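**Q** I am sharing model-v4.txt, which consists of compact mmCIF, C-alpha atoms and all ligand atoms:
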```
# COMPACT_ATOMS: atom_id res chain seq x y z
CA MET O 1 76.53 325.67 103.55
CA PHE O 2 77.82 324.99 107.09
CA ILE O 3 75.49 322.71 109.05
CA MET O 4 76.16 322.21 112.75
CA LYS O 5 77.86 318.87 113.39
CA ASN O 6 75.23 317.24 115.58
CA TYR O 7 72.33 318.83 113.74
CA LYS O 8 70.43 315.56 113.35
CA GLN O 9 70.26 314.95 117.11
CA GLU O 10 69.44 318.63 117.75
CA THR O 11 66.72 318.62 115.11
CA GLU O 12 65.20 315.39 116.38
CA TYR O 13 65.20 316.80 119.92
CA PHE O 14 63.53 319.99 118.69
CA LEU O 15 60.89 318.09 116.72
CA LYS O 16 60.09 315.73 119.61
CA ASN O 17 59.91 318.41 122.27
CA LYS O 18 59.06 321.74 120.72
CA PHE O 19 57.22 320.99 117.51
CA GLU O 20 53.49 320.30 117.54
CA GLY O 21 53.05 318.83 114.07
CA ASP O 22 54.02 315.43 112.69
CA PHE O 23 57.41 314.53 111.28
CA LEU O 24 59.23 311.70 109.55
CA ILE O 25 62.93 310.87 109.80
CA ASN O 26 65.02 309.70 106.85
CA GLU O 27 61.90 309.64 104.70
CA PRO O 28 62.23 308.37 101.08
CA LEU O 29 61.09 311.13 98.74
CA THR O 30 59.81 308.58 96.24
CA ASN O 31 56.71 308.73 98.48
CA HIS O 32 56.35 312.49 98.05
CA THR O 33 56.98 313.21 94.38
CA TRP O 34 54.68 312.59 91.44
CA TYR O 35 57.75 311.17 89.65
CA LYS O 36 58.23 308.59 92.43
CA ILE O 37 61.89 309.55 92.34
CA GLY O 38 64.21 310.96 95.02
CA GLY O 39 66.47 309.73 97.83
CA PRO O 40 65.66 310.22 101.52
CA VAL O 41 65.40 313.56 103.29
CA ASP O 42 66.74 313.80 106.83
CA PHE O 43 63.48 315.28 108.16
CA LEU O 44 60.08 315.80 106.57
CA VAL O 45 57.80 317.90 108.72
CA TYR O 46 54.12 318.88 108.74
CA PRO O 47 53.64 322.03 110.86
CA LYS O 48 50.40 322.07 112.83
CA ASN O 49 49.78 325.79 112.49
CA LEU O 50 51.42 329.06 111.55
CA ILE O 51 53.27 329.37 114.87
CA ASP O 52 54.64 325.86 114.45
CA LEU O 53 55.75 326.78 110.92
CA LYS O 54 57.52 329.90 112.16
CA ASN O 55 59.17 327.92 114.98
CA ILE O 56 60.64 325.26 112.71
CA LEU O 57 61.81 327.93 110.25
CA SER O 58 63.46 329.87 113.05
CA PHE O 59 65.14 326.72 114.41
CA CYS O 60 66.52 325.88 110.96
CA LEU O 61 67.70 329.44 110.36
CA THR O 62 69.55 329.55 113.69
CA GLY O 63 71.21 326.19 113.02
CA GLN O 64 71.85 327.02 109.34
CA ILE O 65 69.92 323.90 108.41
CA PRO O 66 68.75 323.80 104.78
CA VAL O 67 64.96 324.05 104.40
CA TYR O 68 62.88 323.11 101.37
CA PHE O 69 59.18 323.34 100.61
CA LEU O 70 57.15 320.71 98.90
CA GLY O 71 53.55 320.75 97.72
CA LEU O 72 52.41 317.58 95.97
CA GLY O 73 55.83 317.22 94.31
CA ALA O 74 54.28 317.33 90.83
CA ASN O 75 56.83 319.71 89.36
CA ILE O 76 59.97 318.54 91.13
CA LEU O 77 62.94 316.31 90.40
CA ILE O 78 64.86 315.39 93.56
CA ASN O 79 68.27 313.74 93.35
CA ASP O 80 68.90 310.08 94.12
CA GLN O 81 71.08 310.85 97.14
CA GLY O 82 68.23 312.73 98.76
CA LEU O 83 68.49 315.93 100.78
CA ARG O 84 70.25 316.94 103.98
CA GLY O 85 68.06 319.18 106.09
CA VAL O 86 64.32 319.66 106.44
CA ILE O 87 61.47 319.51 103.97
CA ILE O 88 58.33 321.32 105.07
CA LYS O 89 54.98 320.16 103.72
CA LEU O 90 51.90 322.23 104.42
CA SER O 91 48.83 320.04 104.89
CA GLY O 92 46.25 319.55 107.66
CA TYR O 93 45.90 323.04 109.13
CA PHE O 94 46.90 324.48 105.75
CA ASN O 95 44.31 322.45 103.88
CA PHE O 96 40.99 324.32 103.95
CA ILE O 97 38.45 326.15 101.78
CA GLU O 98 36.35 328.84 103.50
CA LYS O 99 33.82 331.30 102.14
CA SER O 100 34.79 334.86 102.98
CA GLY O 101 32.24 337.34 101.61
CA ASP O 102 32.32 337.01 97.83
CA LEU O 103 35.80 335.43 98.00
CA LEU O 104 37.17 332.03 98.95
CA LYS O 105 39.99 331.79 101.45
CA VAL O 106 42.02 328.71 100.57
CA GLY O 107 44.93 327.09 102.42
CA ALA O 108 48.16 326.53 100.50
CA GLY O 109 48.09 322.80 101.21
CA THR O 110 44.66 322.31 99.62
CA LEU O 111 44.75 320.10 96.54
CA LEU O 112 44.00 322.08 93.40
CA GLN O 113 41.67 319.31 92.20
CA ASP O 114 39.69 319.39 95.48
CA LEU O 115 39.28 323.15 95.03
CA ILE O 116 38.05 322.66 91.46
CA ILE O 117 35.41 320.14 92.62
CA PHE O 118 34.37 322.50 95.46
CA CYS O 119 33.98 325.33 92.92
CA GLU O 120 31.93 323.15 90.63
CA LYS O 121 29.52 322.17 93.41
CA ASN O 122 29.19 325.84 94.42
CA GLU O 123 28.81 327.11 90.84
CA LEU O 124 32.04 329.13 90.93
CA GLY O 125 33.77 329.51 87.59
CA GLY O 126 37.42 330.39 86.93
CA LEU O 127 39.58 327.34 87.59
CA GLU O 128 37.78 324.65 85.58
CA TYR O 129 40.39 324.61 82.79
CA LEU O 130 43.01 323.58 85.36
CA SER O 131 41.27 320.23 85.80
CA GLY O 132 43.78 317.40 85.78
CA ILE O 133 46.77 319.49 86.90
CA PRO O 134 48.18 317.72 89.95
CA GLY O 135 49.39 319.89 92.81
CA THR O 136 48.55 321.99 95.81
CA VAL O 137 47.25 325.55 95.69
CA GLY O 138 50.63 326.78 97.07
CA GLY O 139 52.55 324.96 94.33
CA ALA O 140 50.11 326.22 91.68
CA LEU O 141 50.59 329.85 92.82
CA ILE O 142 54.39 329.58 92.80
CA MET O 143 54.27 328.16 89.26
CA ASN O 144 51.26 330.18 88.07
CA ALA O 145 49.99 326.82 86.88
CA GLY O 146 47.48 326.51 84.09
CA ILE O 147 46.95 326.06 80.38
CA ASP O 148 46.41 328.46 77.48
CA LYS O 149 42.73 328.87 78.46
CA GLY O 150 43.32 329.79 82.09
CA VAL O 151 45.88 330.10 84.88
CA ILE O 152 45.48 330.25 88.64
CA SER O 153 46.40 333.94 88.71
CA ASP O 154 43.11 334.65 86.85
CA VAL O 155 41.27 334.16 90.15
CA VAL O 156 43.85 335.47 92.63
CA GLU O 157 42.95 338.46 94.80
CA GLU O 158 45.58 338.18 97.54
CA VAL O 159 48.36 335.80 98.54
CA LEU O 160 49.17 335.38 102.23
CA CYS O 161 52.77 334.41 102.83
CA LEU O 162 55.85 334.71 105.02
CA ASP O 163 58.94 336.56 103.85
CA ILE O 164 62.48 335.41 104.67
CA ASP O 165 62.26 337.09 108.10
CA PHE O 166 58.95 335.25 108.76
CA ASN O 167 56.90 338.46 108.55
CA GLU O 168 53.33 337.82 107.42
CA LEU O 169 52.57 339.57 104.13
CA ASN O 170 49.28 340.01 102.26
CA LEU O 171 50.36 340.50 98.67
CA LYS O 172 47.63 341.92 96.46
CA LYS O 173 47.39 340.60 92.92
CA SER O 174 48.63 343.96 91.62
CA GLU O 175 51.84 343.46 93.63
CA ILE O 176 52.66 340.17 91.89
CA SER O 177 53.80 340.23 88.26
CA PHE O 178 52.31 336.85 87.30
CA GLY O 179 53.53 335.64 83.92
CA TYR O 180 53.79 332.41 81.96
CA ARG O 181 54.65 329.82 84.65
CA SER O 182 56.12 332.58 86.78
CA ALA O 183 55.33 334.67 89.83
CA PRO O 184 58.64 336.39 90.63
CA GLU O 185 57.55 338.11 93.86
CA LEU O 186 56.49 334.74 95.36
CA GLN O 187 59.74 332.88 94.79
CA ASP O 188 61.40 333.73 98.10
CA LYS O 189 58.14 333.49 100.07
CA ILE O 190 56.35 330.74 101.95
CA ILE O 191 52.72 330.76 100.90
CA PHE O 192 50.25 329.66 103.55
CA SER O 193 46.92 330.76 102.08
CA CYS O 194 45.21 333.01 99.55
CA PHE O 195 41.98 334.81 98.70
CA LEU O 196 40.47 333.86 95.35
CA LYS O 197 37.61 335.46 93.43
CA PHE O 198 35.29 333.54 91.10
CA THR O 199 32.43 334.30 88.74
CA HIS O 200 29.06 332.57 88.82
CA GLN O 201 28.94 329.61 86.45
CA ASP O 202 26.44 326.82 85.96
CA GLU O 203 27.47 323.56 87.70
CA GLU O 204 26.70 321.44 84.63
CA LYS O 205 28.86 323.65 82.40
CA LEU O 206 31.75 323.50 84.88
CA ARG O 207 31.42 319.72 85.08
CA LYS O 208 31.42 319.42 81.29
CA ILE O 209 34.61 321.46 80.96
CA ARG O 210 36.29 319.49 83.75
CA LEU O 211 35.48 316.14 82.17
CA GLU O 212 36.54 317.39 78.71
CA GLN O 213 39.89 318.55 80.11
CA LEU O 214 40.47 315.21 81.84
CA GLU O 215 39.62 313.32 78.66
CA LYS O 216 41.90 315.55 76.58
CA ARG O 217 44.76 314.90 78.98
CA ARG O 218 44.11 311.16 78.97
CA LYS O 219 44.22 311.11 75.17
CA THR O 220 47.26 313.32 74.62
CA GLN O 221 49.44 312.90 77.73
CA PRO O 222 51.11 309.82 79.26
CA VAL O 223 49.05 310.12 82.45
CA GLU O 224 49.45 306.39 83.10
CA TYR O 225 53.12 306.90 84.07
CA PRO O 226 54.71 309.02 86.79
CA SER O 227 56.10 312.28 85.40
CA CYS O 228 56.42 315.98 86.17
CA GLY O 229 54.15 317.07 83.32
CA SER O 230 55.83 319.19 80.64
CA VAL O 231 59.53 319.15 81.42
CA PHE O 232 60.22 322.40 79.54
CA LYS O 233 58.52 325.76 79.29
CA ARG O 234 57.01 326.67 75.93
CA PRO O 235 59.67 328.61 74.00
CA THR O 236 58.38 331.71 72.21
CA GLY O 237 57.14 330.75 68.76
CA TYR O 238 57.52 326.98 69.25
CA PHE O 239 56.14 324.01 71.15
CA ALA O 240 58.72 322.13 73.21
CA GLY O 241 57.12 318.74 72.52
CA LYS O 242 57.12 319.32 68.76
CA LEU O 243 60.78 320.40 68.73
CA ILE O 244 61.74 317.28 70.73
CA GLU O 245 59.71 315.06 68.42
CA ASP O 246 61.18 316.72 65.30
CA ALA O 247 64.64 316.18 66.77
CA GLY O 248 63.89 312.43 66.62
CA LEU O 249 63.98 311.96 70.39
CA LYS O 250 60.51 310.52 70.98
CA GLY O 251 60.84 307.20 72.83
CA PHE O 252 64.56 307.77 73.62
CA ARG O 253 65.37 305.98 76.86
CA LYS O 254 67.95 306.02 79.64
CA GLY O 255 67.39 303.30 82.20
CA ASP O 256 63.71 303.42 83.14
CA ALA O 257 63.37 307.10 82.16
CA MET O 258 61.89 307.65 78.71
CA ILE O 259 60.97 310.61 76.52
CA SER O 260 57.30 309.75 76.16
CA ASP O 261 56.27 308.26 72.82
CA LYS O 262 52.79 309.74 73.40
CA HIS O 263 53.89 313.33 74.10
CA ALA O 264 57.58 314.17 73.66
CA GLY O 265 57.34 317.08 76.10
CA PHE O 266 57.06 314.54 78.95
CA ILE O 267 59.80 312.35 80.39
CA VAL O 268 58.15 309.40 82.12
CA ASN O 269 59.25 306.96 84.81
CA LEU O 270 58.62 303.46 83.47
CA GLY O 271 59.23 301.89 86.88
CA GLN O 272 62.59 302.30 88.58
CA ALA O 273 63.89 305.48 86.89
CA LYS O 274 66.59 307.40 88.74
CA ALA O 275 66.86 311.17 88.94
CA LYS O 276 70.21 310.92 87.16
CA ASP O 277 68.51 309.16 84.21
CA VAL O 278 65.85 311.87 83.93
CA LYS O 279 68.52 314.57 84.22
CA TYR O 280 70.56 312.85 81.50
CA LEU O 281 67.54 312.98 79.16
CA ILE O 282 66.86 316.63 80.01
CA ASP O 283 70.47 317.56 79.17
CA LYS O 284 70.36 315.44 76.01
CA ILE O 285 67.15 317.13 74.81
CA GLN O 286 68.59 320.59 75.47
CA ASP O 287 71.80 319.77 73.56
CA VAL O 288 70.10 318.17 70.55
CA VAL O 289 67.33 320.79 70.22
CA LEU O 290 69.86 323.62 70.54
CA GLU O 291 72.08 322.07 67.89
CA LYS O 292 69.25 321.26 65.44
CA PHE O 293 66.94 324.24 65.90
CA ASN O 294 69.03 326.83 67.76
CA VAL O 295 66.41 326.94 70.54
CA LEU O 296 67.47 326.64 74.19
CA LEU O 297 64.70 324.87 76.09
CA GLU O 298 64.23 326.16 79.63
CA PRO O 299 63.16 323.55 82.19
CA GLU O 300 59.79 324.08 83.85
CA VAL O 301 60.54 321.26 86.30
CA ARG O 302 62.36 322.36 89.46
CA PHE O 303 65.50 320.56 90.59
CA LEU O 304 66.29 319.86 94.23
CA GLY O 305 69.68 318.65 95.36
CA PHE O 306 71.48 318.85 92.01
C1 LIG G 401 50.80 314.75 84.68
C2 LIG G 401 51.13 316.20 84.95
C3 LIG G 401 50.52 317.19 84.22
C4 LIG G 401 50.81 318.54 84.46
N1 LIG G 401 50.18 319.50 83.73
C5 LIG G 401 50.41 320.80 83.99
C6 LIG G 401 49.73 321.84 83.27
O1 LIG G 401 48.92 321.57 82.37
N2 LIG G 401 50.01 323.13 83.58
C7 LIG G 401 50.89 323.46 84.57
O2 LIG G 401 51.07 324.65 84.84
N3 LIG G 401 51.55 322.50 85.28
C8 LIG G 401 51.33 321.19 85.01
N4 LIG G 401 52.01 320.24 85.71
C9 LIG G 401 53.02 320.61 86.71
C10 LIG G 401 52.49 320.70 88.16
O3 LIG G 401 51.28 320.00 88.28
C11 LIG G 401 52.28 322.16 88.58
O4 LIG G 401 53.46 322.91 88.48
C12 LIG G 401 51.74 322.25 90.03
O5 LIG G 401 51.35 323.57 90.28
C13 LIG G 401 52.79 321.84 91.06
O6 LIG G 401 52.20 321.92 92.35
P1 LIG G 401 52.83 321.12 93.57
O7 LIG G 401 52.02 321.38 94.77
O8 LIG G 401 53.00 319.69 93.20
O9 LIG G 401 54.24 321.82 93.69
P2 LIG G 401 55.65 321.13 93.94
O10 LIG G 401 56.06 320.40 92.71
O11 LIG G 401 55.63 320.36 95.21
O12 LIG G 401 56.56 322.41 94.11
C14 LIG G 401 56.76 323.32 93.04
C15 LIG G 401 57.54 324.52 93.59
O13 LIG G 401 56.72 325.25 94.47
C16 LIG G 401 57.34 325.36 95.77
N5 LIG G 401 56.25 325.33 96.75
C17 LIG G 401 55.26 324.42 96.87
N6 LIG G 401 54.40 324.80 97.84
C18 LIG G 401 54.87 325.96 98.35
C19 LIG G 401 54.43 326.87 99.37
N7 LIG G 401 53.32 326.64 100.09
N8 LIG G 401 55.16 327.99 99.62
C20 LIG G 401 56.29 328.23 98.92
N9 LIG G 401 56.77 327.42 97.95
C21 LIG G 401 56.05 326.31 97.66
C22 LIG G 401 58.29 324.18 95.85
O14 LIG G 401 59.35 324.45 96.75
C23 LIG G 401 58.77 324.11 94.41
O15 LIG G 401 59.78 325.07 94.16
C24 LIG G 401 51.74 318.89 85.48
C25 LIG G 401 52.36 317.86 86.22
C26 LIG G 401 52.06 316.54 85.98
C27 LIG G 401 52.72 315.46 86.81
```
Translate the structure described by the file into structure tokens.

**A**
Amino acid sequence: MFIMKNYKQETEYFLKNKFEGDFLINEPLTNHTWYKIGGPVDFLVYPKNLIDLKNILSFCLTGQIPVYFLGLGANILINDQGLRGVIIKLSGYFNFIEKSGDLLKVGAGTLLQDLIIFCEKNELGGLEYLSGIPGTVGGALIMNAGIDKGVISDVVEEVLCLDIDFNELNLKKSEISFGYRSAPELQDKIIFSCFLKFTHQDEEKLRKIRLEQLEKRRKTQPVEYPSCGSVFKRPTGYFAGKLIEDAGLKGFRKGDAMISDKHAGFIVNLGQAKAKDVKYLIDKIQDVVLEKFNVLLEPEVRFLGF
């Protein structure tokens, strides 16, 4: 893509003079991904409100400056060279939970785990099985995050977002074909909030489920290391982790990136792993599993800058 020659000076000028939110220049993305991996981005911005968001989007569109969105960075692998352009993170103004009749209106930047605790305290059932999944509500909607017992789309009523022309849309649940880790109609949108509907559930029961889920994760997943969760989607009829383990790849290492010896579906960062090491292991797993079992594993993790 063509980027105007002096775009860094122009962008800095815009951010200092016409943008109301906060911003960081040349910010290392190790600070913004669960993996603790990723080179610097030219600009990382936090819009103050919806108008601010539209303004920065419009500025980038006019200047043909690449724009990326980041939630908590829990399902992202960003390259070691970093990214030219602007990353937008929705927090602050986009981090809220409000009661709205029998629904909750929730900002896209709200942490999923904060929402789950809020629901527990207010005896609202529906998201408790998502306990322990790191991320924002926006990121969870894009991924239709969850487990076999529940996904975020179970509680969705409406998603409020911008389309590529920055028009505000209220997409009803029936207009989004949520599937396993997918929400096709949301992929080219910028989600800023949503309406969610819950059922009454006893606080103690919700708490019990939440603590059980956390304990289950602690026992079966390498939560002590940075990762992106399950690297691959579950292939029909198989479990990715089992295929990787059966292929003899558990514990296989490249630099500080390792196929977890606790759960082979995870690639963990043992300390100083590079994106290229993780990517090498992802490619290796795909090749070996395809050769041994004739199954092509599809990454669940999203790649930026590759
Ligand atoms: C230890 C661990 C365990 C995990 N377990 C699970 C699990 O059990 N189930 C599961 O489903 N996932 C799991 N994950 C993956 C991850 O937690 C989810 O995918 C989560 O929903 C990602 O949210 P995020 O805010 O971090 O999104 P990010 O990783 O920041 O972004 C994901 C995608 O969403 C886009 N995006 C983010 N916010 C917006 C927005 N407001 N508007 C438009 N686009 C946006 C980004 O551009 C990117 O393409 C796990 C991850 C880890 C590290």

**Q** Need the shell around region 147-159 of chain O: protein/DNA/RNA residues with any atom at most 8 Å away, counting all atoms listed in the file. Skip same-chain ones fewer than 3 positions apart. Format as number ranges by chain?

**A** O: 126-127, 129-130, 140-141, 144, 169-173, 178, 191, 193-198

**Q** Could you turn the residues from that selection into a file that holds C-alpha atoms, as a compact mmCIF listing (two decimals), in the coordinates of the input?

**A**
```
# COMPACT_ATOMS: atom_id res chain seq x y z
CA GLY O 126 37.42 330.39 86.93
CA LEU O 127 39.58 327.34 87.59
CA TYR O 129 40.39 324.61 82.79
CA LEU O 130 43.01 323.58 85.36
CA ALA O 140 50.11 326.22 91.68
CA LEU O 141 50.59 329.85 92.82
CA ASN O 144 51.26 330.18 88.07
CA LEU O 169 52.57 339.57 104.13
CA ASN O 170 49.28 340.01 102.26
CA LEU O 171 50.36 340.50 98.67
CA LYS O 172 47.63 341.92 96.46
CA LYS O 173 47.39 340.60 92.92
CA PHE O 178 52.31 336.85 87.30
CA ILE O 191 52.72 330.76 100.90
CA SER O 193 46.92 330.76 102.08
CA CYS O 194 45.21 333.01 99.55
CA PHE O 195 41.98 334.81 98.70
CA LEU O 196 40.47 333.86 95.35
CA LYS O 197 37.61 335.46 93.43
CA PHE O 198 35.29 333.54 91.10
```

**Q** Have a look at O:Ile87, O:Ala240, O:Ala247, O:Ile259 and name the one nearest to ligand LIG 401 (chain G); count all atoms listed in the file.

**A**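 Looking only at the distances to ligand LIG 401 (chain G), the closest residue turns out to be O:Ile87.
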
**Q** Given a cut-off of 7 Å, what residues near ligand LIG 401 (chain G) show up using only C-alpha atoms and all ligand atoms, put as a PyMOL selection string?

**A** chain O and resi 34+68-76+90+108-109+130+132-147+181+187+189-192+223+226-230+302

**Q** Neighbouring residues of Lys242 (chain O) were defined as those with any atom within 10 Å, considering only C-alpha atoms; residues of the same chain fewer than 5 positions away were excluded. Please report them as a PyMOL selection string.

**A** chain O and resi 247-248+250+263-265

**Q** Selection from above, C-alpha atoms, as a CSV table (one decimal), in the frame of the given file, can you write it?

**A**
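Result saved to result04.csv:
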```csv
chain,number,residue,atom,x,y,z
O,247,ALA,CA,64.6,316.2,66.8
O,248,GLY,CA,63.9,312.4,66.6
O,250,LYS,CA,60.5,310.5,71.0
O,263,HIS,CA,53.9,313.3,74.1
O,264,ALA,CA,57.6,314.2,73.7
O,265,GLY,CA,57.3,317.1,76.1
```

**Q** In Å, how far is it from CA of Leu57 (chain O) to CA of Lys8 (chain O)?

**A**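 So the two atoms, CA of Leu57 (chain O) and CA of Lys8 (chain O), lie 15.4 Å apart.
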
**Q** How big is the axis-aligned box around the listed atoms of region 131-144 of chain O once 6 Å is added on each side, and where is its centre? Give both in Å to one decimal, as AutoDock Vina command-line options.

**A**
```
--center_x 47.8 --center_y 323.8 --center_z 91.4 --size_x 25.1 --size_y 24.8 --size_z 23.3
```

**Q** Can you measure CA of Ile25 (chain O) to CA of Glu12 (chain O) for me? One decimal in Å is fine.

**A**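 Those two atoms sit 8.3 Å apart.
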
**Q** Using all atoms listed in the file, which of O:Gly101, O:Gly237, O:Pro66, O:Gly85 sits nearest Glu27 (chain O)?

**A** O:Gly85

**Q** Extract, using all atoms listed in the file, all DNA, RNA and protein residues at most 12 Å from Asp261 (chain O), discarding same-chain residues fewer than 3 positions from it, and format them as a list in words.

**A** Thr220, Gln221, Pro222, Tyr225, Gly241, Lys242, Ile244, Glu245, Gly248, Leu249, Lys250, Gly251, Phe252, Arg253, Ala257, Met258, Ala264, Gly265, Phe266, Ile267, Val268 and Leu270 of chain O

**Q** Looking at only C-alpha atoms, which of O:Glu291, O:Asp165, O:Asp22, O:Asp246 is the one that sits closest to Leu44 (chain O)?

**A**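 Using only C-alpha atoms, the shortest distance to Leu44 (chain O) belongs to O:Asp22.
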
**Q** Kindly give the distance, in Å, that separates CA of Ile117 (chain O) and CA of Glu224 (chain O), rounded to a single decimal.

**A**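 So the answer is 21.8 Å.
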
**Q** Choose the residue, out of O:Ser182, O:Ile176, O:Glu203, O:Leu61, that has the smallest atom-to-atom separation from Asn122 (chain O); count only C-alpha atoms.

**A**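 Checking each of O:Ser182, O:Ile176, O:Glu203, O:Leu61 against Asn122 (chain O), counting only C-alpha atoms, the winner is O:Glu203.
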
**Q** Which residues come within 7 Å of Gly305 (chain O), counting all atoms listed in the file, excluding same-chain residues fewer than 2 positions away, as a PyMOL selection string?

**A** chain O and resi 78-79+82-83+303

**Q** Have a look at O:Val301, O:Leu104, O:Ile37, O:Val45 and name the one nearest to Gly21 (chain O); count only C-alpha atoms.

**A**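 Smallest distance to Gly21 (chain O) is found for O:Val45.
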
**Q** Show me as an mmCIF file with C-alpha atoms, keeping the file's coordinate frame the residues that reach within 10 Å of (27.5, 333.0, 84.5), counting only C-alpha atoms and using the file's own coordinates.

**A**
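To be explicit, this is the file written out as out.cif:
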```
data_model
loop_
_atom_site.group_PDB
_atom_site.id
_atom_site.type_symbol
_atom_site.label_atom_id
_atom_site.label_comp_id
_atom_site.auth_asym_id
_atom_site.auth_seq_id
_atom_site.Cartn_x
_atom_site.Cartn_y
_atom_site.Cartn_z
ATOM 1 C CA GLU O 123 28.810 327.110 90.840
ATOM 2 C CA LEU O 124 32.040 329.130 90.930
ATOM 3 C CA GLY O 125 33.770 329.510 87.590
ATOM 4 C CA THR O 199 32.430 334.300 88.740
ATOM 5 C CA HIS O 200 29.060 332.570 88.820
ATOM 6 C CA GLN O 201 28.940 329.610 86.450
ATOM 7 C CA ASP O 202 26.440 326.820 85.960
ATOM 8 C CA GLU O 203 27.470 323.560 87.700
ATOM 9 C CA LYS O 205 28.860 323.650 82.400
#
```

**Q** Calculated over only C-alpha atoms, which of the candidates O:Asp80, O:Glu98, O:Asp114, O:Glu10 has the smallest distance to Leu29 (chain O)?

**A**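 Among the listed residues, O:Asp80 lies closest to Leu29 (chain O).
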
**Q** Can you pull out the residues contacting Leu115 (chain O)? Cut-off 9 Å, using only C-alpha atoms, and skip same-chain residues under 4 positions away; I want them as a VMD selection string.

**A** chain O and resid 97 106 110 to 111 119 to 120 127 137

**Q** Once N, CA and C atoms are restored for region 172-190 of chain O, what would the output be as a PDB file, keeping the file's coordinate frame?

**A**
```pdb
ATOM      1  N   LYS O 172      48.781 341.772  97.363  1.00  0.00           N
ATOM      2  CA  LYS O 172      47.630 341.920  96.460  1.00  0.00           C
ATOM      3  C   LYS O 172      48.064 341.454  95.065  1.00  0.00           C
ATOM      4  N   LYS O 173      47.071 341.081  94.268  1.00  0.00           N
ATOM      5  CA  LYS O 173      47.390 340.600  92.920  1.00  0.00           C
ATOM      6  C   LYS O 173      48.242 341.621  92.161  1.00  0.00           C
ATOM      7  N   SER O 174      47.910 342.905  92.345  1.00  0.00           N
ATOM      8  CA  SER O 174      48.630 343.960  91.620  1.00  0.00           C
ATOM      9  C   SER O 174      50.113 344.049  92.029  1.00  0.00           C
ATOM     10  N   GLU O 175      50.449 343.426  93.166  1.00  0.00           N
ATOM     11  CA  GLU O 175      51.840 343.460  93.630  1.00  0.00           C
ATOM     12  C   GLU O 175      52.646 342.262  93.123  1.00  0.00           C
ATOM     13  N   ILE O 176      51.979 341.372  92.384  1.00  0.00           N
ATOM     14  CA  ILE O 176      52.660 340.170  91.890  1.00  0.00           C
ATOM     15  C   ILE O 176      52.619 340.189  90.363  1.00  0.00           C
ATOM     16  N   SER O 177      53.797 340.166  89.735  1.00  0.00           N
ATOM     17  CA  SER O 177      53.800 340.230  88.260  1.00  0.00           C
ATOM     18  C   SER O 177      53.726 338.813  87.693  1.00  0.00           C
ATOM     19  N   PHE O 178      52.515 338.205  87.818  1.00  0.00           N
ATOM     20  CA  PHE O 178      52.310 336.850  87.300  1.00  0.00           C
ATOM     21  C   PHE O 178      52.579 336.829  85.795  1.00  0.00           C
ATOM     22  N   GLY O 179      53.306 335.807  85.352  1.00  0.00           N
ATOM     23  CA  GLY O 179      53.530 335.640  83.920  1.00  0.00           C
ATOM     24  C   GLY O 179      53.395 334.169  83.563  1.00  0.00           C
ATOM     25  N   TYR O 180      53.868 333.797  82.399  1.00  0.00           N
ATOM     26  CA  TYR O 180      53.790 332.410  81.960  1.00  0.00           C
ATOM     27  C   TYR O 180      54.656 331.532  82.880  1.00  0.00           C
ATOM     28  N   ARG O 181      54.007 330.694  83.648  1.00  0.00           N
ATOM     29  CA  ARG O 181      54.650 329.820  84.650  1.00  0.00           C
ATOM     30  C   ARG O 181      55.606 330.603  85.548  1.00  0.00           C
ATOM     31  N   SER O 182      55.243 331.810  85.894  1.00  0.00           N
ATOM     32  CA  SER O 182      56.120 332.580  86.780  1.00  0.00           C
ATOM     33  C   SER O 182      55.328 333.524  87.667  1.00  0.00           C
ATOM     34  N   ALA O 183      55.888 333.732  88.852  1.00  0.00           N
ATOM     35  CA  ALA O 183      55.330 334.670  89.830  1.00  0.00           C
ATOM     36  C   ALA O 183      56.535 335.165  90.626  1.00  0.00           C
ATOM     37  N   PRO O 184      57.328 336.046  90.050  1.00  0.00           N
ATOM     38  CA  PRO O 184      58.640 336.390  90.630  1.00  0.00           C
ATOM     39  C   PRO O 184      58.588 336.802  92.101  1.00  0.00           C
ATOM     40  N   GLU O 185      57.598 337.584  92.481  1.00  0.00           N
ATOM     41  CA  GLU O 185      57.550 338.110  93.860  1.00  0.00           C
ATOM     42  C   GLU O 185      57.247 337.004  94.882  1.00  0.00           C
ATOM     43  N   LEU O 186      56.818 335.818  94.416  1.00  0.00           N
ATOM     44  CA  LEU O 186      56.490 334.740  95.360  1.00  0.00           C
ATOM     45  C   LEU O 186      57.655 333.780  95.582  1.00  0.00           C
ATOM     46  N   GLN O 187      58.710 333.928  94.785  1.00  0.00           N
ATOM     47  CA  GLN O 187      59.740 332.880  94.790  1.00  0.00           C
ATOM     48  C   GLN O 187      60.504 332.759  96.105  1.00  0.00           C
ATOM     49  N   ASP O 188      60.682 333.844  96.826  1.00  0.00           N
ATOM     50  CA  ASP O 188      61.400 333.730  98.100  1.00  0.00           C
ATOM     51  C   ASP O 188      60.428 333.784  99.280  1.00  0.00           C
ATOM     52  N   LYS O 189      59.168 333.442  99.021  1.00  0.00           N
ATOM     53  CA  LYS O 189      58.140 333.490 100.070  1.00  0.00           C
ATOM     54  C   LYS O 189      57.655 332.085 100.405  1.00  0.00           C
ATOM     55  N   ILE O 190      57.007 331.977 101.561  1.00  0.00           N
ATOM     56  CA  ILE O 190      56.350 330.740 101.950  1.00  0.00           C
ATOM     57  C   ILE O 190      54.859 331.042 101.959  1.00  0.00           C
TER      58      ILE O 190
END
```
